[in-house]
$ cat protein.cif   # mmCIF, C-alpha atoms and all ligand atoms
data_entry
#
loop_
_atom_site.label_atom_id
_atom_site.label_comp_id
_atom_site.auth_asym_id
_atom_site.auth_seq_id
_atom_site.Cartn_x
_atom_site.Cartn_y
_atom_site.Cartn_z
CA MET A 2 -42.49 2.20 5.42
CA ALA A 3 -38.98 0.72 5.53
CA PRO A 4 -37.43 -0.06 2.13
CA LYS A 5 -37.12 -3.75 1.24
CA SER A 6 -33.68 -5.25 1.86
CA PRO A 7 -31.86 -5.24 -1.48
CA ILE A 8 -30.92 -8.90 -1.22
CA ALA A 9 -34.61 -9.85 -1.12
CA ARG A 10 -34.78 -8.68 -4.74
CA GLN A 11 -32.28 -8.31 -7.58
CA PRO A 12 -29.24 -7.10 -5.60
CA TRP A 13 -27.79 -4.94 -8.37
CA PRO A 14 -29.51 -3.42 -11.40
CA GLU A 15 -28.59 -5.44 -14.48
CA SER A 16 -26.54 -3.87 -17.25
CA ALA A 17 -25.32 -5.44 -20.49
CA SER A 18 -22.39 -3.00 -20.38
CA ARG A 19 -19.72 -3.06 -17.70
CA PRO A 20 -18.70 -0.27 -15.32
CA MET A 21 -15.28 1.25 -16.09
CA VAL A 22 -14.41 1.38 -12.38
CA SER A 23 -14.49 -1.49 -9.87
CA PRO A 24 -17.62 -1.44 -7.72
CA LEU A 25 -16.97 -0.68 -4.07
CA GLN A 26 -18.31 -3.61 -2.02
CA PRO A 27 -18.52 -2.71 1.68
CA ALA A 28 -20.70 -5.74 2.63
CA VAL A 29 -19.51 -7.49 5.78
CA VAL A 30 -21.51 -10.65 5.23
CA TYR A 31 -22.71 -12.51 2.14
CA ALA A 32 -25.99 -14.47 1.88
CA SER A 33 -25.80 -17.97 0.34
CA ASP A 34 -28.44 -19.92 -1.56
CA SER A 35 -28.39 -23.05 0.61
CA PRO A 36 -26.33 -24.96 3.19
CA ASP A 37 -25.06 -27.11 0.27
CA ALA A 38 -23.88 -24.02 -1.61
CA LEU A 39 -22.22 -22.57 1.49
CA ASP A 40 -20.57 -25.91 2.20
CA GLN A 41 -19.19 -25.98 -1.34
CA GLN A 42 -17.90 -22.44 -0.97
CA TYR A 43 -16.04 -23.25 2.23
CA ALA A 44 -14.68 -26.41 0.59
CA GLY A 45 -13.36 -24.25 -2.27
CA ASP A 46 -15.57 -25.96 -4.89
CA LEU A 47 -17.64 -22.81 -5.46
CA ALA A 48 -16.15 -19.34 -5.76
CA GLY A 49 -17.42 -16.54 -3.56
CA TYR A 50 -17.20 -14.62 -0.35
CA THR A 51 -18.70 -15.35 3.04
CA TYR A 52 -17.53 -12.72 5.51
CA ALA A 53 -15.40 -9.63 4.87
CA ARG A 54 -12.75 -10.50 7.46
CA GLU A 55 -12.11 -13.66 5.44
CA GLY A 56 -11.88 -11.81 2.12
CA HIS A 57 -13.75 -9.40 -0.11
CA PRO A 58 -13.69 -8.43 -3.79
CA ASN A 59 -11.97 -5.05 -3.38
CA ALA A 60 -9.02 -6.67 -1.59
CA ASP A 61 -8.74 -9.36 -4.25
CA VAL A 62 -8.87 -6.91 -7.16
CA LEU A 63 -6.11 -4.85 -5.55
CA ALA A 64 -4.03 -7.92 -4.68
CA ARG A 65 -4.07 -9.11 -8.31
CA MET A 66 -2.89 -5.66 -9.46
CA VAL A 67 0.07 -5.70 -7.04
CA ASP A 68 0.75 -9.36 -8.01
CA ASP A 69 1.14 -8.22 -11.61
CA LEU A 70 3.66 -5.54 -10.61
CA GLU A 71 5.66 -7.93 -8.42
CA GLY A 72 5.48 -10.98 -10.71
CA ALA A 73 3.73 -12.75 -7.83
CA GLU A 74 0.73 -15.05 -7.52
CA GLY A 75 -1.90 -15.12 -4.80
CA GLY A 76 -0.66 -12.09 -2.83
CA LEU A 77 -2.74 -10.98 0.12
CA VAL A 78 -3.79 -7.42 0.94
CA THR A 79 -3.78 -6.56 4.65
CA GLY A 80 -5.02 -3.69 6.81
CA SER A 81 -1.59 -1.96 6.99
CA GLY A 82 2.02 -2.46 6.04
CA MET A 83 2.76 -3.65 9.56
CA ALA A 84 -0.10 -6.16 9.28
CA ALA A 85 1.71 -7.53 6.20
CA VAL A 86 5.11 -7.67 7.95
CA THR A 87 3.54 -9.34 11.00
CA ALA A 88 1.52 -11.86 8.99
CA ALA A 89 4.55 -12.72 6.84
CA VAL A 90 6.79 -13.36 9.84
CA MET A 91 4.20 -15.06 12.05
CA GLY A 92 3.06 -17.26 9.18
CA ALA A 93 6.65 -18.40 8.60
CA VAL A 94 7.99 -19.00 12.12
CA ALA A 95 7.11 -20.88 15.29
CA ALA A 96 8.29 -20.76 18.89
CA GLY A 97 11.93 -21.90 19.05
CA ASP A 98 12.83 -20.40 15.66
CA HIS A 99 15.28 -17.53 15.18
CA VAL A 100 14.78 -14.51 12.91
CA ILE A 101 17.45 -12.09 11.63
CA GLY A 102 16.46 -8.60 10.57
CA GLY A 103 18.44 -5.84 8.90
CA ASP A 104 19.56 -3.43 11.60
CA GLN A 105 18.07 -0.44 9.79
CA LEU A 106 14.55 -1.74 9.17
CA TYR A 107 11.49 0.48 9.55
CA GLY A 108 11.12 1.26 13.28
CA ARG A 109 8.00 -0.82 13.90
CA SER A 110 9.54 -3.81 12.13
CA LEU A 111 12.46 -3.48 14.53
CA ARG A 112 10.02 -3.38 17.46
CA LEU A 113 8.33 -6.51 16.13
CA LEU A 114 11.74 -8.19 16.19
CA HIS A 115 12.99 -6.76 19.49
CA GLU A 116 9.77 -6.89 21.56
CA THR A 117 6.88 -8.85 20.04
CA LEU A 118 8.52 -11.96 18.60
CA PRO A 119 10.61 -12.76 21.73
CA ALA A 120 7.38 -12.60 23.78
CA PHE A 121 6.10 -15.49 21.64
CA GLY A 122 9.25 -17.57 21.98
CA VAL A 123 10.90 -16.51 18.72
CA ALA A 124 14.52 -15.41 19.17
CA THR A 125 15.71 -12.49 17.05
CA SER A 126 18.88 -10.61 16.12
CA THR A 127 19.69 -7.73 13.82
CA ALA A 128 22.71 -7.31 11.56
CA ASP A 129 24.03 -4.96 8.88
CA ALA A 130 22.16 -5.83 5.67
CA THR A 131 24.73 -4.05 3.50
CA ASP A 132 27.14 -6.87 4.44
CA ALA A 133 26.14 -10.51 3.76
CA ASP A 134 29.03 -11.63 6.02
CA ALA A 135 27.47 -9.74 8.95
CA ILE A 136 24.18 -11.55 8.29
CA ALA A 137 26.07 -14.87 8.03
CA ALA A 138 27.72 -14.17 11.39
CA ALA A 139 24.28 -13.79 13.00
CA LEU A 140 23.03 -17.17 11.72
CA ARG A 141 22.06 -19.86 14.21
CA PRO A 142 21.08 -23.48 13.53
CA GLU A 143 17.45 -22.51 14.26
CA THR A 144 17.40 -19.41 11.99
CA ARG A 145 14.24 -19.68 9.92
CA LEU A 146 13.84 -16.27 8.30
CA ILE A 147 15.81 -13.17 7.27
CA LEU A 148 13.88 -9.89 6.88
CA ILE A 149 15.44 -7.02 4.94
CA GLU A 150 14.58 -3.81 3.13
CA ILE A 151 16.63 -3.17 -0.02
CA VAL A 152 17.16 0.54 0.66
CA SER A 153 17.30 1.53 4.31
CA ASN A 154 15.13 4.26 5.74
CA PRO A 155 16.28 7.02 6.25
CA THR A 156 19.97 6.35 5.61
CA ILE A 157 19.45 5.14 2.00
CA ARG A 158 22.03 2.32 2.33
CA VAL A 159 21.64 -0.50 -0.23
CA ALA A 160 21.43 -4.08 1.08
CA ASP A 161 23.61 -6.86 -0.30
CA LEU A 162 20.53 -8.54 -1.70
CA GLU A 163 22.38 -11.01 -3.94
CA GLY A 164 24.75 -12.08 -1.15
CA ILE A 165 21.97 -12.49 1.41
CA ALA A 166 19.74 -14.35 -1.08
CA ALA A 167 22.60 -16.78 -1.83
CA LEU A 168 23.15 -17.31 1.89
CA ALA A 169 19.45 -17.92 2.52
CA ARG A 170 19.24 -20.34 -0.41
CA ASP A 171 22.33 -22.31 0.72
CA ARG A 172 21.07 -22.64 4.29
CA GLY A 173 17.40 -23.29 3.44
CA ILE A 174 16.31 -20.08 5.21
CA LEU A 175 13.39 -17.95 4.06
CA LEU A 176 14.21 -14.48 2.75
CA ALA A 177 11.52 -11.82 3.23
CA VAL A 178 11.99 -8.50 1.43
CA ASP A 179 10.02 -5.39 2.32
CA ASN A 180 9.89 -3.63 -1.06
CA THR A 181 8.03 -0.51 0.13
CA PHE A 182 10.90 1.90 -0.42
CA THR A 183 12.20 0.50 -3.69
CA THR A 184 8.88 -0.55 -5.28
CA PRO A 185 8.53 -3.06 -8.15
CA ARG A 186 9.33 -0.27 -10.62
CA SER A 187 12.93 -0.43 -9.34
CA ILE A 188 13.25 -4.09 -8.45
CA ARG A 189 11.15 -7.24 -8.13
CA PRO A 190 12.56 -9.21 -5.19
CA PHE A 191 11.15 -12.53 -6.44
CA ASP A 192 13.53 -12.20 -9.42
CA HIS A 193 16.44 -12.01 -6.93
CA GLY A 194 15.71 -15.01 -4.73
CA ALA A 195 13.18 -13.63 -2.21
CA ASP A 196 10.66 -16.07 -0.76
CA LEU A 197 8.34 -13.38 0.56
CA VAL A 198 7.63 -9.87 -0.72
CA ILE A 199 6.02 -7.29 1.53
CA HIS A 200 4.66 -3.77 0.98
CA SER A 201 3.18 -0.94 2.90
CA LEU A 202 0.60 0.01 0.26
CA THR A 203 -0.02 3.09 2.39
CA LYS A 204 2.98 4.60 0.64
CA ILE A 205 3.70 5.38 -3.02
CA LEU A 206 1.84 2.43 -4.56
CA SER A 207 -1.48 3.96 -3.51
CA GLY A 208 0.21 7.33 -3.21
CA HIS A 209 -2.33 9.82 -1.87
CA SER A 210 -1.99 9.46 1.95
CA ASP A 211 -5.62 8.37 2.24
CA ALA A 212 -5.46 4.55 2.57
CA THR A 213 -3.68 2.41 5.18
CA LEU A 214 -2.91 -1.00 3.64
CA GLY A 215 -0.26 -3.68 3.19
CA TYR A 216 0.50 -6.58 0.87
CA VAL A 217 2.35 -9.86 1.26
CA ALA A 218 3.11 -12.53 -1.33
CA ALA A 219 4.83 -15.88 -0.76
CA ARG A 220 6.53 -18.04 -3.36
CA ASP A 221 5.43 -21.25 -1.60
CA PRO A 222 1.62 -21.79 -1.68
CA ALA A 223 1.71 -23.66 1.66
CA LEU A 224 3.42 -20.68 3.32
CA ARG A 225 0.95 -18.35 1.64
CA GLU A 226 -1.88 -20.34 3.22
CA ARG A 227 -0.33 -20.17 6.69
CA ILE A 228 0.04 -16.40 6.30
CA GLU A 229 -3.59 -16.06 5.23
CA ILE A 230 -4.81 -18.16 8.15
CA PHE A 231 -2.81 -15.97 10.54
CA ALA A 232 -4.12 -12.75 8.95
CA VAL A 233 -7.75 -13.86 8.90
CA THR A 234 -7.65 -15.29 12.43
CA THR A 235 -6.06 -12.19 13.91
CA GLY A 236 -8.23 -9.83 11.85
CA LEU A 237 -5.53 -8.12 9.81
CA THR A 238 -8.05 -7.71 6.99
CA PRO A 239 -8.18 -4.47 4.98
CA SER A 240 -11.12 -2.09 4.62
CA PRO A 241 -12.92 -2.34 1.23
CA PHE A 242 -12.95 1.45 0.92
CA ASP A 243 -9.18 1.69 1.45
CA CYS A 244 -8.67 -1.04 -1.16
CA TRP A 245 -10.91 0.80 -3.58
CA LEU A 246 -8.98 4.04 -3.05
CA ALA A 247 -5.65 2.23 -3.43
CA GLU A 248 -6.81 0.61 -6.68
CA ARG A 249 -7.43 4.06 -8.10
CA GLY A 250 -4.08 5.30 -6.81
CA LEU A 251 -2.23 2.29 -8.19
CA LEU A 252 -3.46 3.00 -11.71
CA SER A 253 -1.24 6.11 -11.81
CA PHE A 254 1.66 4.63 -9.81
CA GLY A 255 4.06 4.36 -12.77
CA LEU A 256 3.49 7.95 -13.86
CA ARG A 257 3.76 9.27 -10.30
CA TYR A 258 6.87 7.25 -9.57
CA ASP A 259 8.68 8.37 -12.72
CA ARG A 260 7.89 12.03 -12.10
CA ALA A 261 8.81 11.83 -8.41
CA GLU A 262 12.05 10.00 -9.22
CA ALA A 263 13.07 12.59 -11.85
CA ASN A 264 12.30 15.33 -9.32
CA ALA A 265 14.34 13.49 -6.65
CA ALA A 266 17.38 13.11 -8.92
CA ALA A 267 17.25 16.82 -9.81
CA LEU A 268 16.79 17.82 -6.16
CA ALA A 269 19.74 15.63 -5.11
CA GLU A 270 21.94 17.54 -7.58
CA ALA A 271 20.66 20.93 -6.41
CA LEU A 272 21.15 20.08 -2.73
CA ALA A 273 24.68 18.79 -3.34
CA GLY A 274 25.58 22.16 -4.84
CA HIS A 275 24.49 24.16 -1.78
CA ALA A 276 27.21 25.37 0.59
CA CYS A 277 25.06 24.55 3.65
CA VAL A 278 24.71 20.83 2.70
CA ALA A 279 27.35 18.44 4.08
CA ARG A 280 26.21 15.33 2.14
CA VAL A 281 23.39 14.00 0.00
CA LEU A 282 22.34 10.35 0.00
CA TYR A 283 20.82 9.30 -3.32
CA PRO A 284 21.66 5.92 -4.93
CA THR A 285 22.45 7.10 -8.45
CA ARG A 286 25.00 9.66 -7.24
CA ALA A 287 28.62 8.55 -7.64
CA ASP A 288 29.38 9.66 -4.05
CA HIS A 289 26.76 7.30 -2.56
CA PRO A 290 28.49 4.78 -0.24
CA ASP A 291 26.86 1.80 -2.03
CA HIS A 292 26.78 3.35 -5.51
CA ASN A 293 28.13 0.33 -7.42
CA ARG A 294 25.75 -2.08 -5.75
CA ALA A 295 22.86 0.35 -6.26
CA VAL A 296 23.60 0.52 -9.99
CA ALA A 297 23.95 -3.27 -10.24
CA LEU A 298 20.65 -3.89 -8.44
CA LEU A 299 18.50 -0.93 -9.34
CA GLY A 300 20.09 0.35 -12.55
CA PRO A 301 19.19 3.99 -13.15
CA ARG A 302 16.28 3.86 -10.70
CA GLY A 303 17.24 6.18 -7.86
CA SER A 304 13.66 6.30 -6.47
CA HIS A 305 11.60 9.11 -4.97
CA MET A 306 13.45 9.06 -1.64
CA LEU A 307 16.59 10.95 -0.67
CA SER A 308 18.23 12.11 2.51
CA PHE A 309 20.67 14.93 3.15
CA GLU A 310 22.68 16.30 6.02
CA MET A 311 22.78 20.02 6.55
CA LYS A 312 25.44 21.89 8.48
CA GLY A 313 24.20 23.25 11.82
CA GLY A 314 22.17 21.84 14.71
CA ARG A 315 18.55 21.92 15.87
CA ALA A 316 18.18 25.70 15.45
CA ALA A 317 19.24 25.47 11.79
CA ALA A 318 16.89 22.52 11.31
CA ASN A 319 13.98 24.56 12.73
CA ALA A 320 14.88 27.47 10.45
CA LEU A 321 14.93 25.22 7.36
CA ILE A 322 11.45 23.88 8.03
CA ALA A 323 10.04 27.30 8.97
CA ALA A 324 11.30 28.77 5.68
CA MET A 325 9.59 26.09 3.53
CA PRO A 326 5.94 26.28 4.69
CA GLU A 327 4.63 24.81 1.42
CA LEU A 328 6.34 21.45 2.14
CA PRO A 329 4.54 19.41 4.81
CA PHE A 330 6.93 18.51 7.64
CA ALA A 331 5.51 15.02 8.12
CA PRO A 332 7.10 11.63 8.86
CA THR A 333 5.35 9.83 6.00
CA LEU A 334 6.41 8.97 2.47
CA GLY A 335 4.98 8.37 -0.96
CA ASP A 336 2.41 11.18 -0.98
CA ILE A 337 1.55 12.95 -4.24
CA GLY A 338 3.48 16.01 -3.02
CA THR A 339 6.90 16.32 -1.40
CA THR A 340 7.12 15.81 2.37
CA ILE A 341 10.14 16.20 4.61
CA SER A 342 10.94 14.49 7.90
CA HIS A 343 13.53 14.89 10.64
CA PRO A 344 14.48 11.40 11.89
CA ALA A 345 16.22 12.67 15.07
CA THR A 346 12.88 13.95 16.42
CA SER A 347 10.59 11.33 14.86
CA SER A 348 11.45 7.82 13.63
CA HIS A 349 14.81 7.64 15.48
CA ARG A 350 14.00 9.68 18.59
CA ALA A 351 14.18 6.56 20.79
CA LEU A 352 17.90 6.14 20.00
CA THR A 353 20.57 7.95 22.02
CA PRO A 354 22.41 10.75 20.17
CA GLU A 355 25.46 8.43 20.10
CA ALA A 356 23.45 5.58 18.53
CA ARG A 357 22.01 8.00 15.99
CA ALA A 358 25.49 9.35 15.22
CA ALA A 359 26.71 5.78 14.62
CA ILE A 360 24.29 5.46 11.68
CA GLY A 361 24.83 9.05 10.52
CA ILE A 362 21.64 10.69 11.81
CA SER A 363 22.49 14.12 13.22
CA GLU A 364 20.25 17.11 14.07
CA GLY A 365 20.92 18.36 10.54
CA PHE A 366 19.81 15.10 8.88
CA PHE A 367 16.58 15.19 6.84
CA ARG A 368 14.71 12.63 4.75
CA VAL A 369 12.75 13.85 1.76
CA SER A 370 9.92 11.94 0.10
CA VAL A 371 9.87 13.68 -3.24
CA GLY A 372 6.53 14.17 -4.95
CA CYS A 373 5.10 14.98 -8.37
CA GLU A 374 5.49 18.76 -8.40
CA GLU A 375 6.32 20.64 -11.59
CA PRO A 376 9.93 19.83 -12.56
CA GLY A 377 12.30 22.49 -11.27
CA SER A 378 9.92 23.81 -8.62
CA LEU A 379 11.57 22.14 -5.61
CA ALA A 380 15.14 23.46 -5.89
CA PRO A 381 14.19 27.12 -5.23
CA ILE A 382 12.12 26.12 -2.19
CA PHE A 383 15.02 24.15 -0.69
CA ALA A 384 17.47 26.95 -1.56
CA ARG A 385 15.26 29.36 0.39
CA GLY A 386 15.15 26.94 3.34
CA LEU A 387 18.89 26.29 3.33
CA ASP A 388 19.70 30.00 3.06
CA ALA A 389 17.50 30.62 6.12
CA ALA A 390 19.25 27.77 7.98
CA ALA A 391 22.67 29.19 7.08
CA ARG A 392 21.75 32.52 8.71
CA VAL A 393 21.13 30.86 12.11
C1 LIG B 1 9.56 0.16 4.79
C2 LIG B 1 8.28 0.17 5.55
N1 LIG B 1 7.71 -1.01 5.85
C3 LIG B 1 6.55 -1.06 6.54
C4 LIG B 1 5.92 0.10 6.97
C5 LIG B 1 4.65 0.00 7.75
O1 LIG B 1 3.56 0.38 6.94
P1 LIG B 1 2.20 0.91 7.56
O2 LIG B 1 2.46 2.28 8.11
O3 LIG B 1 1.27 0.91 6.37
O4 LIG B 1 1.78 -0.04 8.61
C6 LIG B 1 6.49 1.34 6.68
C7 LIG B 1 5.86 2.58 7.15
O5 LIG B 1 6.41 3.66 7.05
C8 LIG B 1 7.71 1.37 5.96
O6 LIG B 1 8.31 2.54 5.65
#

$ encode --input "protein.cif" --output "structure tokens" --more "lines below"
Ligand SMILES: Cc1ncc(COP(=O)(O)O)c(C=O)c1O
Amino acid sequence: MAPKSPIARQPWPESASRPMVSPLQPAVVYASDSPDALDQQYAGDLAGYTYAREGHPNADVLARMVDDLEGAEGGLVTGSGMAAVTAAVMGAVAAGDHVIGGDQLYGRSLRLLHETLPAFGVATSTADATDADAIAAALRPETRLILIEIVSNPTIRVADLEGIAALARDRGILLAVDNTFTTPRSIRPFDHGADLVIHSLTKILSGHSDATLGYVAARDPALRERIEIFAVTTGLTPSPFDCWLAERGLLSFGLRYDRAEANAAALAEALAGHACVARVLYPTRADHPDHNRAVALLGPRGSHMLSFEMKGGRAAANALIAAMPELPFAPTLGDIGTTISHPATSSHRALTPEARAAIGISEGFFRVSVGCEEPGSLAPIFARGLDAAARV
């Protein structure tokens, strides 16, 4: 005999005490008491869910947690970071508008600007986000939105956030900030004039490389609603299970970030002292090209991300990776453990060697997403790798 559907009886065993962990709610559809009740729900007079693509409790619980970190209200969790970038931009612009992006945005955000938006009648340009004058020079009368990341990936350059925010405010243009790299532990873009804040929650906020999610919050409730309509209509909704996993990950975000950042600062020092390393890019180092701005914006928060350039070409790069088998060679970031990536063969492979050279990405250039290992354990691993590279 088939078991009775749980909604035909008490759907959840009653308990006077509360669970310590959010329930996982994978239901796609919700049953209502009556057409009147459903009508009231759709009208917003009764709280509740109707269909998971339109919203579900696990997404809302997670969204409120990220809201708290960002000092935001009503943020929306999406099915990936790119879903959040896309929903933010598409909710804000219409055909005939113009969008400016930082010229060193995450690769898929650049593709959204270069390929997808023009196909829908939205003109786009990119400009150097470390220079507010370069952004100003790209402005057009129909510019509606500027999209930047505060620290560029993988070159670790620091955007002129204050200058660009002032420009956007003066011209009545929306400023969208992708805060994935910097995280709200370093900076809260709403405190610096952003109109939209975006995250790939796939990265260090959830932090275990097991959930693909994004987040977008808008200062203006009307814009927030347009973004939600776009996300729900185009199905950018997150999976309840991923939200549930990310909620668990987020609870330890502060601890993980602080450990990873301390490890990154120590590793930056160790790398800079190695004869085989030509340069290290880490914001709190005095030799960083945007050091003063980094200190003004981010204070002592150098973050978990660093890049370095090693002497030698592809053969030396192969030798480095081969000599550090305990570090995953993987083009992701924000995992619990350290990962290392080689932009010339991954994120920036589509650029010509000349175009890569122009932004400082050579065959010896590596990006490191530093993890939560025991303090002091990374330097010997990198020393081993660099010594092997030096022998090539
Ligand atoms: C800065 C930044 N924004 C957005 C994304 C896209 O996020 P997702 O991979 O979750 O779609 C990434 C991914 O690496 C990223 O690094």

$ closest_atom_pairs --input "protein.cif" --of "chain A" --to "ligand LIG 1 (chain B)" --cutoff "10 Å" --atoms "all atoms listed in the file" --output "CSV"
residue,atom,partner,partner_atom,distance
A:Thr79,CA,B:LIG1,O3,9.2
A:Gly80,CA,B:LIG1,O3,7.8
A:Ser81,CA,B:LIG1,O3,4.1
A:Gly82,CA,B:LIG1,O1,3.4
A:Met83,CA,B:LIG1,O4,3.9
A:Ala84,CA,B:LIG1,O4,6.4
A:Ala85,CA,B:LIG1,O4,7.9
A:Val86,CA,B:LIG1,C3,6.9
A:Thr87,CA,B:LIG1,O4,9.8
A:Gln105,CA,B:LIG1,C1,9.9
A:Leu106,CA,B:LIG1,C1,6.9
A:Tyr107,CA,B:LIG1,C2,5.1
A:Gly108,CA,B:LIG1,C6,8.1
A:Arg109,CA,B:LIG1,C5,7.1
A:Ser110,CA,B:LIG1,C3,6.9
A:Ile149,CA,B:LIG1,C1,9.3
A:Glu150,CA,B:LIG1,C1,6.6
A:Ile151,CA,B:LIG1,C1,9.2
A:Val152,CA,B:LIG1,C1,8.7
A:Ser153,CA,B:LIG1,C1,7.9
A:Asn154,CA,B:LIG1,C1,7.0
A:Pro155,CA,B:LIG1,O6,9.2
A:Val178,CA,B:LIG1,C1,9.6
A:Asp179,CA,B:LIG1,N1,6.1
A:Asn180,CA,B:LIG1,C1,7.0
A:Thr181,CA,B:LIG1,C1,5.0
A:Phe182,CA,B:LIG1,C1,5.7
A:Thr183,CA,B:LIG1,C1,8.9
A:Ile199,CA,B:LIG1,N1,7.8
A:His200,CA,B:LIG1,N1,6.4
A:Ser201,CA,B:LIG1,O1,4.3
A:Leu202,CA,B:LIG1,O3,6.2
A:Thr203,CA,B:LIG1,O3,4.7
A:Lys204,CA,B:LIG1,O3,7.0
A:Ala212,CA,B:LIG1,O3,8.5
A:Thr213,CA,B:LIG1,O3,5.3
A:Leu214,CA,B:LIG1,O3,5.3
A:Gly215,CA,B:LIG1,O3,5.8
A:Tyr216,CA,B:LIG1,O3,9.3
A:Pro332,CA,B:LIG1,O5,8.2
A:Thr333,CA,B:LIG1,O5,6.3
A:Leu334,CA,B:LIG1,O5,7.0
A:Gly335,CA,B:LIG1,O5,9.4
A:Ser348,CA,B:LIG1,O5,9.3

$ closest_residue --input "protein.cif" --among "A:Ala345, A:Met311, A:Leu176, A:Leu256" --to "Pro190 of chain A" --atoms "only C-alpha atoms"
A:Leu176

$ residues_around --input "protein.cif" --residues "Leu39 of chain A" --least-positions-apart "4" --cutoff "12 Å" --atoms "all atoms listed in the file" --output "VMD selection string"
chain A and resid 31 to 35 43 to 52

$ write_last_selection --input "protein.cif" --atoms "C-alpha atoms" --output "mmCIF file, keeping the file's coordinate frame"
data_model
loop_
_atom_site.group_PDB
_atom_site.id
_atom_site.type_symbol
_atom_site.label_atom_id
_atom_site.label_comp_id
_atom_site.auth_asym_id
_atom_site.auth_seq_id
_atom_site.Cartn_x
_atom_site.Cartn_y
_atom_site.Cartn_z
ATOM 1 C CA TYR A 31 -22.710 -12.510 2.140
ATOM 2 C CA ALA A 32 -25.990 -14.470 1.880
ATOM 3 C CA SER A 33 -25.800 -17.970 0.340
ATOM 4 C CA ASP A 34 -28.440 -19.920 -1.560
ATOM 5 C CA SER A 35 -28.390 -23.050 0.610
ATOM 6 C CA TYR A 43 -16.040 -23.250 2.230
ATOM 7 C CA ALA A 44 -14.680 -26.410 0.590
ATOM 8 C CA GLY A 45 -13.360 -24.250 -2.270
ATOM 9 C CA ASP A 46 -15.570 -25.960 -4.890
ATOM 10 C CA LEU A 47 -17.640 -22.810 -5.460
ATOM 11 C CA ALA A 48 -16.150 -19.340 -5.760
ATOM 12 C CA GLY A 49 -17.420 -16.540 -3.560
ATOM 13 C CA TYR A 50 -17.200 -14.620 -0.350
ATOM 14 C CA THR A 51 -18.700 -15.350 3.040
ATOM 15 C CA TYR A 52 -17.530 -12.720 5.510
#

$ atom_distance --input "protein.cif" --atom1 "atom CA of Gly274 of chain A" --atom2 "atom CA of Asp388 of chain A"
12.6 Å

$ atom_distance --input "protein.cif" --atom1 "atom CA of Val217 of chain A" --atom2 "atom CA of Ile337 of chain A"
23.5 Å

$ closest_residue --input "protein.cif" --among "A:Leu307, A:Ala219, A:Ala38, A:Ile341" --to "Gly92 of chain A" --atoms "only C-alpha atoms"
A:Ala219
